[in-house]
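Dumped data_23.txt below, it's compact mmCIF, C-alpha atoms:
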# COMPACT_ATOMS: atom_id res chain seq x y z
CA MET A 13 -16.48 53.72 -4.35
CA PRO A 14 -15.40 50.23 -3.20
CA PRO A 15 -12.51 48.61 -5.07
CA PRO A 16 -13.52 46.27 -7.89
CA SER A 17 -13.73 42.58 -7.05
CA PHE A 18 -13.45 39.47 -9.20
CA PRO A 19 -15.29 36.18 -8.91
CA SER A 20 -13.26 33.70 -6.87
CA ASP A 21 -12.67 31.37 -9.82
CA ILE A 22 -11.18 34.20 -11.90
CA THR A 23 -8.98 35.27 -8.99
CA GLU A 24 -7.73 31.72 -8.59
CA ASP A 25 -7.01 31.38 -12.30
CA ILE A 26 -4.98 34.61 -12.29
CA LEU A 27 -2.98 33.52 -9.24
CA GLN A 28 -2.19 30.17 -10.86
CA PHE A 29 -0.06 31.95 -13.47
CA LEU A 30 2.05 33.90 -10.97
CA PRO A 31 5.60 32.89 -10.00
CA VAL A 32 6.27 31.32 -6.62
CA LYS A 33 7.99 34.43 -5.25
CA SER A 34 4.86 36.51 -5.87
CA LEU A 35 2.53 33.89 -4.39
CA VAL A 36 4.55 33.76 -1.18
CA ARG A 37 4.06 37.53 -0.82
CA PHE A 38 0.39 37.45 -1.82
CA LYS A 39 -0.41 35.01 0.98
CA LEU A 40 -0.17 38.10 3.21
CA VAL A 41 -2.83 40.08 1.31
CA CYS A 42 -5.83 38.60 3.08
CA SER A 43 -6.96 35.44 4.86
CA SER A 44 -8.94 34.16 1.87
CA TRP A 45 -5.90 34.40 -0.43
CA ARG A 46 -3.72 32.76 2.19
CA SER A 47 -6.18 29.89 2.51
CA LEU A 48 -6.45 29.51 -1.27
CA ILE A 49 -2.70 29.62 -2.00
CA SER A 50 -1.97 27.23 0.89
CA SER A 51 -4.50 24.62 -0.23
CA SER A 52 -3.14 21.33 -1.57
CA GLN A 53 -5.32 21.55 -4.69
CA PHE A 54 -3.98 25.02 -5.58
CA ARG A 55 -0.37 23.89 -5.03
CA LYS A 56 -0.88 20.82 -7.19
CA THR A 57 -2.59 22.74 -10.03
CA HIS A 58 0.06 25.46 -9.94
CA PHE A 59 2.87 22.91 -10.19
CA ASN A 60 1.22 20.90 -12.98
CA ARG A 61 0.58 24.04 -15.03
CA ALA A 62 4.22 25.12 -14.70
CA PHE A 63 5.41 21.57 -15.47
CA GLN A 64 3.41 21.49 -18.72
CA ASN A 65 4.60 24.95 -19.78
CA PRO A 66 8.39 25.41 -19.33
CA LYS A 67 7.97 29.18 -19.76
CA LEU A 68 6.18 29.22 -16.40
CA SER A 69 8.95 27.26 -14.65
CA THR A 70 11.86 28.88 -12.85
CA HIS A 71 14.91 26.68 -12.38
CA LYS A 72 17.49 27.44 -9.72
CA ALA A 73 20.51 25.73 -8.17
CA LEU A 74 20.95 25.21 -4.43
CA LEU A 75 24.44 25.12 -2.93
CA SER A 76 25.20 23.78 0.54
CA THR A 77 28.45 24.55 2.37
CA PRO A 78 29.40 24.17 6.04
CA SER A 79 28.68 27.88 6.49
CA GLY A 80 25.19 27.82 4.97
CA PHE A 81 23.10 27.77 1.80
CA MET A 82 23.14 29.81 -1.39
CA VAL A 83 20.78 29.94 -4.37
CA LEU A 84 22.04 30.56 -7.90
CA ASP A 85 20.13 31.53 -11.04
CA PRO A 86 21.99 29.45 -13.67
CA ARG A 87 20.99 31.80 -16.50
CA LYS A 88 22.94 34.71 -15.00
CA PRO A 89 26.74 35.19 -14.93
CA PHE A 90 28.49 34.32 -11.68
CA GLY A 91 30.19 37.67 -11.28
CA ASP A 92 33.79 37.95 -10.15
CA ASP A 93 32.85 37.35 -6.51
CA GLY A 94 29.79 35.19 -6.98
CA GLY A 95 27.64 38.26 -6.41
CA THR A 96 24.63 36.75 -8.16
CA MET A 97 24.33 34.07 -5.45
CA VAL A 98 21.77 34.73 -2.73
CA ASN A 99 22.28 33.47 0.82
CA LEU A 100 19.45 31.42 2.34
CA THR A 101 18.74 30.82 6.01
CA PHE A 102 17.69 27.31 6.96
CA PRO A 103 14.46 27.72 8.97
CA LEU A 104 14.78 24.93 11.57
CA GLU A 105 17.10 24.53 14.53
CA ARG A 106 19.38 21.50 14.35
CA GLU A 107 22.58 20.04 15.72
CA ASP A 108 25.82 21.59 14.55
CA GLY A 109 27.09 20.11 11.31
CA HIS A 110 26.97 20.35 7.54
CA LEU A 111 23.57 19.65 5.99
CA ARG A 112 24.30 17.58 2.88
CA ILE A 113 21.98 17.40 -0.11
CA VAL A 114 20.41 13.98 -0.72
CA GLY A 115 18.23 14.87 -3.71
CA SER A 116 15.63 17.18 -5.22
CA CYS A 117 12.20 16.60 -6.72
CA ASN A 118 9.32 18.92 -7.69
CA GLY A 119 10.83 21.83 -5.75
CA LEU A 120 11.52 19.89 -2.55
CA VAL A 121 15.09 19.26 -1.42
CA CYS A 122 16.00 16.42 0.94
CA LEU A 123 18.89 17.07 3.35
CA VAL A 124 20.75 14.92 5.84
CA LEU A 125 23.00 16.04 8.68
CA ASP A 126 26.56 15.03 7.85
CA GLY A 127 27.62 11.81 9.54
CA LYS A 128 24.17 11.28 11.06
CA ARG A 129 20.70 10.12 10.01
CA ASP A 130 18.75 13.32 10.69
CA PHE A 131 16.72 14.01 7.56
CA PHE A 132 14.90 17.19 6.51
CA LEU A 133 12.58 18.09 3.62
CA TRP A 134 12.81 21.73 2.59
CA ASN A 135 11.24 23.91 -0.05
CA PRO A 136 13.87 26.66 -0.56
CA SER A 137 11.38 28.80 -2.52
CA THR A 138 8.73 29.02 0.20
CA GLY A 139 10.77 28.26 3.32
CA ASP A 140 8.49 25.36 4.23
CA CYS A 141 10.52 22.73 6.13
CA ASN A 142 9.96 19.40 7.87
CA LYS A 143 12.27 17.41 10.16
CA LEU A 144 11.56 13.75 9.51
CA PRO A 145 11.08 11.21 12.32
CA GLU A 146 14.10 9.19 13.35
CA ALA A 147 14.86 6.27 11.04
CA CYS A 148 13.74 2.85 12.24
CA THR A 149 17.09 1.12 11.67
CA PRO A 150 20.11 1.09 14.01
CA ALA A 151 23.19 3.13 13.19
CA GLY A 152 25.66 1.41 10.87
CA GLU A 153 29.10 1.72 9.32
CA TRP A 154 28.00 3.09 5.90
CA TYR A 155 24.93 4.88 4.56
CA VAL A 156 23.46 5.39 1.11
CA HIS A 157 20.57 7.82 0.67
CA GLY A 158 18.02 8.68 -1.99
CA PHE A 159 14.94 10.89 -2.43
CA GLY A 160 12.18 11.01 -5.01
CA TYR A 161 8.47 11.04 -5.88
CA ASP A 162 6.21 8.02 -6.36
CA SER A 163 3.60 9.26 -8.83
CA SER A 164 1.48 6.10 -8.47
CA SER A 165 0.73 6.91 -4.82
CA GLU A 166 1.42 10.68 -5.04
CA ASP A 167 3.95 10.33 -2.24
CA TYR A 168 7.46 11.59 -1.57
CA LYS A 169 9.86 8.96 -0.29
CA VAL A 170 13.32 8.84 1.28
CA VAL A 171 15.40 5.67 0.97
CA LEU A 172 18.09 4.87 3.54
CA VAL A 173 20.42 1.91 2.99
CA THR A 174 22.46 1.08 6.09
CA THR A 175 25.38 -1.34 5.92
CA TYR A 176 26.60 -3.24 8.96
CA VAL A 177 29.80 -5.20 9.55
CA HIS A 178 29.47 -8.29 11.74
CA ILE A 179 32.74 -9.71 13.08
CA THR A 180 32.77 -13.20 14.57
CA THR A 181 35.79 -14.77 16.21
CA THR A 182 36.09 -18.54 15.98
CA GLY A 183 38.72 -21.08 16.85
CA THR A 184 40.07 -20.91 13.29
CA GLY A 185 40.11 -17.14 12.93
CA THR A 186 37.95 -14.07 12.46
CA LEU A 187 34.97 -13.94 10.10
CA CYS A 188 33.72 -10.65 8.68
CA ARG A 189 30.19 -10.52 7.26
CA ILE A 190 28.66 -7.44 5.60
CA GLU A 191 24.89 -7.01 5.63
CA ALA A 192 22.56 -4.27 4.38
CA GLU A 193 19.19 -3.05 5.64
CA VAL A 194 16.83 -0.72 3.77
CA ALA A 195 14.33 1.69 5.33
CA ILE A 196 11.82 3.75 3.32
CA PHE A 197 10.17 6.93 4.59
CA SER A 198 6.72 7.93 3.30
CA LEU A 199 5.76 11.60 3.61
CA LYS A 200 2.08 10.70 3.20
CA ARG A 201 2.28 8.32 6.19
CA ASN A 202 4.96 10.36 7.99
CA SER A 203 6.73 7.16 9.00
CA TRP A 204 9.57 4.79 8.17
CA ARG A 205 9.24 1.08 7.41
CA ILE A 206 11.70 -1.72 6.79
CA PHE A 207 12.04 -2.92 3.20
CA GLU A 208 12.39 -6.67 3.50
CA GLU A 209 13.59 -7.67 0.03
CA VAL A 210 17.26 -6.72 0.25
CA ASN A 211 18.77 -8.42 -2.82
CA LYS A 212 22.24 -8.81 -4.27
CA VAL A 213 21.83 -5.64 -6.38
CA ILE A 214 21.29 -3.51 -3.27
CA ARG A 215 24.27 -5.20 -1.63
CA ARG A 216 26.40 -4.00 -4.55
CA LEU A 217 25.67 -0.38 -3.76
CA PRO A 218 28.88 1.59 -3.18
CA ARG A 219 29.76 2.15 0.46
CA TRP A 220 30.76 5.39 2.10
CA ASP A 221 31.77 6.02 5.65
CA CYS A 222 29.64 8.32 7.78
CA ASP A 223 31.61 11.42 6.81
CA SER A 224 31.36 10.91 3.05
CA PHE A 225 28.68 12.16 0.69
CA PRO A 226 26.66 9.47 -1.10
CA GLU A 227 25.39 10.84 -4.40
CA SER A 228 21.99 9.83 -5.77
CA THR A 229 20.00 10.94 -8.81
CA PHE A 230 16.22 10.83 -9.24
CA LEU A 231 14.77 10.36 -12.74
CA ASN A 232 11.83 8.49 -14.29
CA GLY A 233 10.39 7.51 -10.94
CA ALA A 234 13.59 5.81 -9.76
CA ILE A 235 16.55 6.68 -7.55
CA HIS A 236 19.92 5.96 -9.15
CA TRP A 237 23.36 5.37 -7.69
CA ILE A 238 26.64 4.87 -9.53
CA ASN A 239 29.04 2.10 -8.59
CA ASP A 240 32.22 3.39 -10.18
CA ILE A 241 34.21 0.37 -9.00
CA VAL A 242 32.43 -1.95 -11.46
CA GLY A 243 30.99 0.74 -13.76
CA THR A 244 27.28 0.07 -13.26
CA ILE A 245 24.21 2.15 -12.37
CA ILE A 246 21.76 0.78 -9.80
CA ALA A 247 18.15 2.00 -10.03
CA PHE A 248 15.48 1.61 -7.33
CA ASP A 249 11.93 2.16 -8.63
CA LEU A 250 9.85 3.91 -5.97
CA ALA A 251 6.48 2.61 -7.21
CA SER A 252 7.28 -1.08 -7.63
CA GLU A 253 10.14 -1.04 -5.10
CA THR A 254 12.25 -3.16 -7.42
CA THR A 255 15.87 -2.77 -8.43
CA CYS A 256 17.66 -3.08 -11.74
CA GLU A 257 21.25 -2.58 -12.84
CA PHE A 258 22.63 -1.42 -16.15
CA GLN A 259 26.02 -0.57 -17.57
CA ALA A 260 27.41 2.92 -17.41
CA ALA A 261 28.97 4.50 -20.48
CA SER A 262 32.28 2.90 -21.45
CA PRO A 263 35.06 5.46 -21.27
CA ARG A 264 38.68 4.90 -22.14
CA SER A 265 40.36 2.27 -20.04
CA GLY A 266 41.64 3.51 -16.72
CA PHE A 267 38.81 5.72 -15.45
CA PHE A 268 39.43 7.38 -12.10
CA ASN A 269 36.06 8.73 -11.00
CA MET A 270 32.47 8.64 -12.26
CA ASP A 271 29.69 11.03 -11.27
CA LEU A 272 26.01 10.54 -12.10
CA GLY A 273 23.58 13.38 -12.72
CA VAL A 274 20.78 14.69 -14.93
CA LEU A 275 21.15 17.06 -17.88
CA GLY A 276 18.25 17.96 -20.15
CA GLY A 277 16.02 15.23 -18.72
CA CYS A 278 18.61 12.48 -19.40
CA LEU A 279 20.97 10.58 -17.16
CA CYS A 280 24.49 11.91 -17.59
CA LEU A 281 27.91 10.71 -16.52
CA ILE A 282 31.14 12.56 -15.96
CA HIS A 283 34.19 10.33 -16.39
CA ASP A 284 37.48 11.46 -14.94
CA CYS A 285 39.77 9.28 -17.06
CA TYR A 286 43.09 8.46 -15.47
CA THR A 287 44.96 8.29 -18.75
CA ASP A 288 47.87 10.06 -20.34
CA PRO A 289 46.88 12.79 -20.81
CA TYR A 290 44.33 12.87 -18.01
CA CYS A 291 40.92 13.84 -19.41
CA VAL A 292 37.30 14.43 -18.36
CA GLU A 293 34.43 13.23 -20.54
CA LEU A 294 30.71 14.04 -20.40
CA TRP A 295 28.21 11.37 -21.55
CA VAL A 296 24.39 11.27 -21.69
CA MET A 297 21.98 8.34 -21.97
CA LYS A 298 19.70 9.45 -24.82
CA GLU A 299 17.15 6.67 -24.22
CA TYR A 300 16.56 5.80 -20.59
CA GLY A 301 17.73 2.31 -19.63
CA VAL A 302 19.15 1.53 -23.08
CA GLU A 303 22.87 0.95 -22.65
CA THR A 304 23.62 1.41 -26.36
CA SER A 305 22.18 4.95 -26.25
CA TRP A 306 25.10 6.36 -24.24
CA THR A 307 26.48 9.28 -26.28
CA LYS A 308 29.57 11.33 -25.53
CA LEU A 309 28.71 15.03 -25.57
CA CYS A 310 32.21 16.41 -25.22
CA ASN A 311 35.64 16.27 -23.65
CA LEU A 312 36.01 19.05 -21.12
CA VAL A 313 38.76 21.53 -21.81
CA ASN A 314 40.72 22.21 -18.65
CA PRO A 315 39.19 25.42 -17.28
CA ASP A 316 42.63 26.53 -16.10
CA ASN A 317 43.78 26.19 -19.69
CA ALA A 318 40.85 28.11 -21.14
CA LEU A 319 40.96 30.84 -18.49
CA TYR A 320 44.59 30.94 -17.36
CA GLY A 321 46.67 29.02 -19.92
CA ILE A 322 47.39 25.94 -17.75
CA ASP A 323 47.37 22.87 -19.99
CA ASP A 324 46.84 19.70 -17.98
CA PHE A 325 44.06 18.62 -15.64
CA ALA A 326 45.16 18.00 -12.08
CA TRP A 327 44.74 14.32 -11.23
CA TYR A 328 43.12 15.17 -7.88
CA ASP A 329 40.36 17.29 -9.49
CA PHE A 330 36.94 15.71 -9.85
CA TYR A 331 33.70 17.07 -11.28
CA THR A 332 30.04 16.75 -10.32
CA THR A 333 26.98 17.82 -12.30
CA LEU A 334 24.95 20.82 -11.15
CA CYS A 335 22.58 21.98 -13.91
CA LEU A 336 21.93 23.13 -17.45
CA CYS A 337 21.79 26.86 -18.06
CA ASN A 338 19.00 26.80 -20.71
CA SER A 339 21.10 28.95 -22.99
CA GLU A 340 21.58 28.92 -26.73
CA ASP A 341 25.03 27.32 -26.58
CA ASP A 342 23.87 24.37 -24.38
CA ALA A 343 25.92 25.67 -21.47
CA PHE A 344 26.03 23.70 -18.24
CA ILE A 345 27.48 24.19 -14.77
CA LEU A 346 29.70 21.70 -12.94
CA ILE A 347 31.19 21.72 -9.45
CA ARG A 348 34.95 21.07 -9.40
CA SER A 349 36.46 19.34 -6.38
CA ARG A 350 33.50 20.57 -4.28
CA THR A 351 34.98 24.09 -4.13
CA GLU A 352 34.37 25.86 -7.47
CA LEU A 353 31.51 26.44 -9.88
CA ILE A 354 32.50 26.33 -13.55
CA ARG A 355 30.26 27.18 -16.49
CA PHE A 356 31.05 25.28 -19.73
CA ASN A 357 29.63 25.69 -23.20
CA GLY A 358 28.38 22.73 -25.23
CA ARG A 359 31.88 22.12 -26.60
CA GLY A 360 33.29 21.61 -23.10
CA GLU A 361 35.09 24.97 -23.02
CA ALA A 362 35.11 26.88 -19.73
CA LEU A 363 33.37 30.25 -19.85
CA GLU A 364 33.73 31.39 -16.23
CA LYS A 365 34.33 30.07 -12.75
CA VAL A 366 33.98 31.20 -9.17
CA CYS A 367 35.22 29.80 -5.86
CA ILE A 368 32.46 29.10 -3.34
CA CYS A 369 34.41 27.54 -0.45
CA ASN A 370 37.96 26.55 0.46
CA TYR A 371 39.54 23.11 0.15
CA SER A 372 39.01 22.28 3.83
CA ASP A 373 35.25 22.47 3.25
CA ASN A 374 32.95 20.67 0.85
CA CYS A 375 30.17 22.09 -1.30
CA ASP A 376 27.13 20.12 -2.45
CA GLY A 377 24.82 21.38 -5.16
CA ILE A 378 21.63 20.41 -6.92
CA ALA A 379 19.19 21.88 -9.42
CA PHE A 380 15.59 22.46 -8.35
CA VAL A 381 12.46 24.03 -9.80
CA GLU A 382 10.61 26.68 -7.85
CA SER A 383 7.24 25.37 -6.66
CA MET A 384 4.61 25.69 -3.95
CA VAL A 385 4.89 21.98 -3.02
CA SER A 386 4.69 21.52 0.75
CA ALA A 387 7.39 19.72 2.74
CA ASN A 388 4.73 18.65 5.24
CA ASP A 389 1.69 17.70 3.15
CA PRO A 390 2.10 15.79 -0.16

So, in terms of structure tokens, how does the structure I just supplied come out?
Amino acid sequence: MPPPSFPSDITEDILQFLPVKSLVRFKLVCSSWRSLISSSQFRKTHFNRAFQNPKLSTHKALLSTPSGFMVLDPRKPFGDDGGTMVNLTFPLEREDGHLRIVGSCNGLVCLVLDGKRDFFLWNPSTGDCNKLPEACTPAGEWYVHGFGYDSSSEDYKVVLVTTYVHITTTGTGTLCRIEAEVAIFSLKRNSWRIFEEVNKVIRRLPRWDCDSFPESTFLNGAIHWINDIVGTIIAFDLASETTCEFQAASPRSGFFNMDLGVLGGCLCLIHDCYTDPYCVELWVMKEYGVETSWTKLCNLVNPDNALYGIDDFAWYDFYTTLCLCNSEDDAFILIRSRTELIRFNGRGEALEKVCICNYSDNCDGIAFVESMVSANDP
């Protein structure tokens, strides 16, 4: 007796409810399933269904170190040796160097080769990867990156801001002029173009040298950067390609470092306050773009105090946001000094920590949702 078969529409509906890990395996069942699961319409419907029903979504965290990539399930304990982290192999050949994380959106992660302008789009859940064409702007002194999704054109975009220093020697002395140029990559067009309207807001973007890591955060259709020198957030809307600037949360006087991220669908800020005593504060913007909606969630308790009885924060420590844990006590995970993962509860108390690389290296991390979104075909 032949095995039972289902109408194609019922088969498709059943597959739409399966997790990404299963779909990747089921592409090997037969050519018709492979064709169906690989189709852009199936991928889009699968993602939208998971987006509308959080129970169908699986959130993970990606960690990048000079030695490679790891994936973490934030709902599970770290383990004494980080045993719950799974190593990932990057699928494309590249030049030697650390692949730094630019941003994440809809399951895609954008990477850039440290100190260079070689960009990649990668879906860590499916292994799909795409090396982007070379940027259309010359090399510069400083770079700022960003990655996100333009829902109005259904397109993924990478933003590259390159800063140049022009030195002119005259009879009266030397003149130094700083200029910025913006290039935008469109995955749908598979090409870069120059963005002509470089305004004073873009020129106020913080500057990093080629070996530093420029942080960006994507939310509400815009890429955000923090300028912790003046305490403002700069947002670049990917649909309208316009910029705006608003005030960051106001910590105590004498802040040392500010990191921008996303927690629970809201912009969040970590303030390392260079006060006596030194403290670290976590703030969230409850209503997007409304400066008065900044709310302090908690003061972090020094994890060395909570875990080992050491009272004071070290002034050289700094914290970056990784992800929420979706747990009952509003736990969240931060990266300390790019070497350790620390899980805190909603009161800012450390629950556990694990070292992921040594101080001579740097770790980047970002939260992502598992999806079937293609890195080659939006």

Out of A:Leu363, A:Leu187, A:Met384, A:Cys369, which residue has the shortest atom-to-atom distance to Ser79 (chain A) when counting all atoms listed in the file?
A:Cys369

Would you work out the distance separating CA of Cys367 (chain A) from CA of Val292 (chain A), expressed in Å to one decimal?
19.9 Å

Looking at only C-alpha atoms, which of A:Pro103, A:Gly358, A:Gly152, A:Pro19 is the one that sits closest to Phe132 (chain A)?
A:Pro103

Test item: residues at most 9 Å from Glu253 (chain A), only C-alpha atoms, excluding those fewer than 4 positions along its chain, as a VMD selection string
chain A and resid 207 234 248 to 249

Would you pick out the contacts of His283 (chain A) at 6 Å or less, using only C-alpha atoms, so that residues sharing its chain but fewer than 4 positions from it are not included, and give the list as a PyMOL selection string?
chain A and resi 269-270+292-293

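Of the listed residues (A:Gly115, A:Ala73, A:Leu272, A:Asn202), A:Ala73 comes nearest to Met97 (chain A); the distances count all atoms listed in the file.
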
Using all atoms listed in the file, pick whichever of A:Asn142, A:Ser164, A:Ala192, A:Ser50 has the shortest atom-to-atom distance to Ser252 (chain A).
A:Ser164

Considering all atoms listed in the file, return as a ChimeraX atom specification whatever protein or nucleic-acid residues lie within 10 Å of Trp306 (chain A), sequence-local ones (same chain, fewer than 5 positions apart) excluded.
/A:259-262,279-281,295-301

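Atom pair CA of Ile206 (chain A) / CA of Thr244 (chain A): separated by 25.5 Å.
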